[in-house]
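Presented below is the structure to which this report refers.
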Amino acid sequence: MERPCVRVPRSAGERVRQELADADVIDTDAKIAVSDGWLYIPVTDTDNLPVAFPVEHRSVEPRNTQTLPGDILGEAPSYERLGDIALVDEDDPDCARRVATALMQSSLPIRSVLNARSKVKGEHRIREWELLAGEETETVHREYGVELLLDVTKVYFSPRLATERRRVVEQVTPDEHVFDMFAGVGPFAIPIAKRGAEVVAVDLNEAAVAYLEKNARRNEVASRIAAIHGDVRDVGAEYAGWADRIIMNLPHSAAQFLETAGHIAGDDAIIHYYDIQPDGAPFSPGEQAIRATLGSMYDIEILERKEVRSYAPHEVNICLDVRLTAR
Ligand SMILES: C[S@@+](CC[C@H](N)C(=O)[O-])C[C@H]1O[C@@H](n2cnc3c(N)ncnc32)[C@H](O)[C@@H]1O
């Protein structure tokens with residue numbers, strides 16, 4: 001494309017560009033060109049230039065400008081990306097619709113927008129969602145080289161836990177047996193199997209297990225994952241002493257499953273115990289429950305007390321990494 005450009009020696013380029021920007025005459029749809037020691041700065045108005053450099057018409061490349069939702073709304077809205085779906089959590093229906101329209105009109109690759117209509121609830125820990133724009137609720141989410149196919153209206157999933165999952169996954173060695181007690185669609189199980197470990201992954205939600213199986217195949221680790229639909233208290237009975245590492249990602253209720261974890265754990269095992277507690281002393285209830293339930297069978301060493309994220313005002317999501325050594 002051809003545009004009028006101010007021709008300046010490179011040495012004066014930044015000063016002149018700034019003067020042109022201050023006068024709001026830079027053509028932001030076109031790229032600045034460089035040739036033979038000269039800068040060619042595309043401009044929109046040649047009559048009101050604040051500088052005395054010559055103007056030449058020349059061919060310049062278009063600039064790929066992204067339109068973000070904030071450009072449309074005047075302020076950046078709050079949303080999360082799950083593959084090509086945007087998740088918003090907006091109580092005011094008019095505001096939710098405005099945000100959804102801006103997200104769809106932006107240049108972000110977003111196919112649908114969902115608004116949360118409830119908190120995480122029930123045994124399957126799913127939220128209710130309203131489809132505000134688009135048609136699809138299933139998507140492929142990518143996290144640290146793993147592809148997860150899922151439908152957030154049918155299963156639990158939070159993209160916010162990616163860094164925490166990475167922290168746990170990086171501890172795993174290829175020779176381990178890892179038991180994921182509340183596996184969901186596999187965001188721990190799949191990358192752990194990718195490291196070479198053998199994984200048993202259980203979930204009560206049949207839809208989650210169906211996605212977990214698909215995700216195991218998609219990421220080429222199906223031979224190392226046993227995906228099992230059921231209550232982990234029943235499934236765990238078959239795996240006495242099997243696990244080197246146990247993941248207990250069922251905050252609020254994990255304490256009720258410590259007996260099962262103790263049964264599954266081998267003589268030397270690590271548990272990643274998730275909880276949500278008031279921010280004053282968030283680790284104490286979990287530590288007490290672990291000592292009370294498992295203290296007679298195992299020596300208990302707290303390896304790490306990790307604050308994962310803020311969950312609600314004055315509530316935090318935490319993880320206790322705990323070593324169990326059989327007495
Ligand atoms: C908070 S989600 C975590 C899912 C997954 N670990 C993740 O990070 O996305 C808890 C999961 O535990 C499952 N669940 C709840 N009670 C269970 C039980 N008794 N046995 C097995 N799974 C259970 C739910 O269906 C849900 O998928």
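Identifiers for the structure tokens are assigned positionally: chains receive A, B, ... in sequence, residues are indexed from 1 per chain, and ligands are indexed from 1 in the order shown.
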
Inset, instruction - Using only C-alpha atoms and all ligand atoms, find each residue with an atom at most 6 Å away from ligand 1 and format the answer as an NGL selection string. - result: :A and (123-125 or 156-157 or 181-184 or 187 or 202-205 or 230-232 or 249-250)

Taking a cut-off of 7 Å and counting only C-alpha atoms, can you build a table that, for each residue of region 39-140 of chain A near region 147-152 of chain A, reports the nearest atom pair and how far apart they are in Å (one decimal), sorted by chain then residue number, as CSV?
residue,atom,partner,partner_atom,distance
A:Thr137,CA,A:Asp151,CA,5.6
A:Glu138,CA,A:Asp151,CA,4.2
A:Thr139,CA,A:Leu149,CA,5.7
A:Val140,CA,A:Leu149,CA,4.3

For C-alpha atoms, I'd like the residues from the last selection saved as an mmCIF file, in the first residue's frame.
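Result went into again-v7.cif, see below:
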data_model
loop_
_atom_site.group_PDB
_atom_site.id
_atom_site.type_symbol
_atom_site.label_atom_id
_atom_site.label_comp_id
_atom_site.auth_asym_id
_atom_site.auth_seq_id
_atom_site.Cartn_x
_atom_site.Cartn_y
_atom_site.Cartn_z
ATOM 1 C CA THR A 137 -19.119 -25.262 24.734
ATOM 2 C CA GLU A 138 -16.485 -27.921 23.963
ATOM 3 C CA THR A 139 -12.937 -26.780 23.261
ATOM 4 C CA VAL A 140 -9.297 -27.839 23.260
#

Inset, instruction - Pick out the residues sitting within 10 Å of Ala312 (chain A), and hand them over as a list in words; count only C-alpha atoms, and ignore anything fewer than 6 positions along from it in its own chain. - result: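 Once the nearby chain positions are removed, what remains is Ile276, Gln277, Pro278 and Asp279 of chain A.
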
Write a file of the selected residues as a PDB file, in the first residue's frame, keeping C-alpha atoms.
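Okay, result_36.pdb is ready:
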ATOM      1  CA  ILE A 276      -9.493 -24.093  50.736  1.00  0.00           C
ATOM      2  CA  GLN A 277      -9.363 -22.320  54.097  1.00  0.00           C
ATOM      3  CA  PRO A 278      -9.553 -18.844  55.669  1.00  0.00           C
ATOM      4  CA  ASP A 279      -6.285 -17.005  55.044  1.00  0.00           C
TER       5      ASP A 279
END

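All residues of protein, DNA or RNA that reach within 7 Å of Val146 (chain A), judged by only C-alpha atoms and not counting those fewer than 4 positions away in the chain, are A:Arg142, A:Pro191, A:Asn219.
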
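Take the candidates A:Ala289, A:Ala162, A:Leu258, A:Ile247 and check each one against Cys319 (chain A) using only C-alpha atoms; the shortest distance goes to A:Ile247.
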
Inset, instruction - Tell me which of A:Val172, A:Leu39, A:Ala201, A:Ala326 sits closest to Gly262 (chain A), counting only C-alpha atoms. - result: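 Counting only C-alpha atoms, the residue closest to Gly262 (chain A) is A:Ala326.
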
Legend entry - Contacts of Asp175 (chain A) at 8 Å (only C-alpha atoms; same-chain gap of 4+ positions) as a list of chain:residue names: A:Gly196, A:Ala197, A:Glu198

For the selection you just gave me, I'd like the residues written to a file as a compact mmCIF listing (two decimals), in the first residue's frame, keeping C-alpha atoms.
# COMPACT_ATOMS: atom_id res chain seq x y z
CA GLY A 196 6.93 -41.67 31.88
CA ALA A 197 5.13 -42.45 35.15
CA GLU A 198 2.31 -44.99 35.41
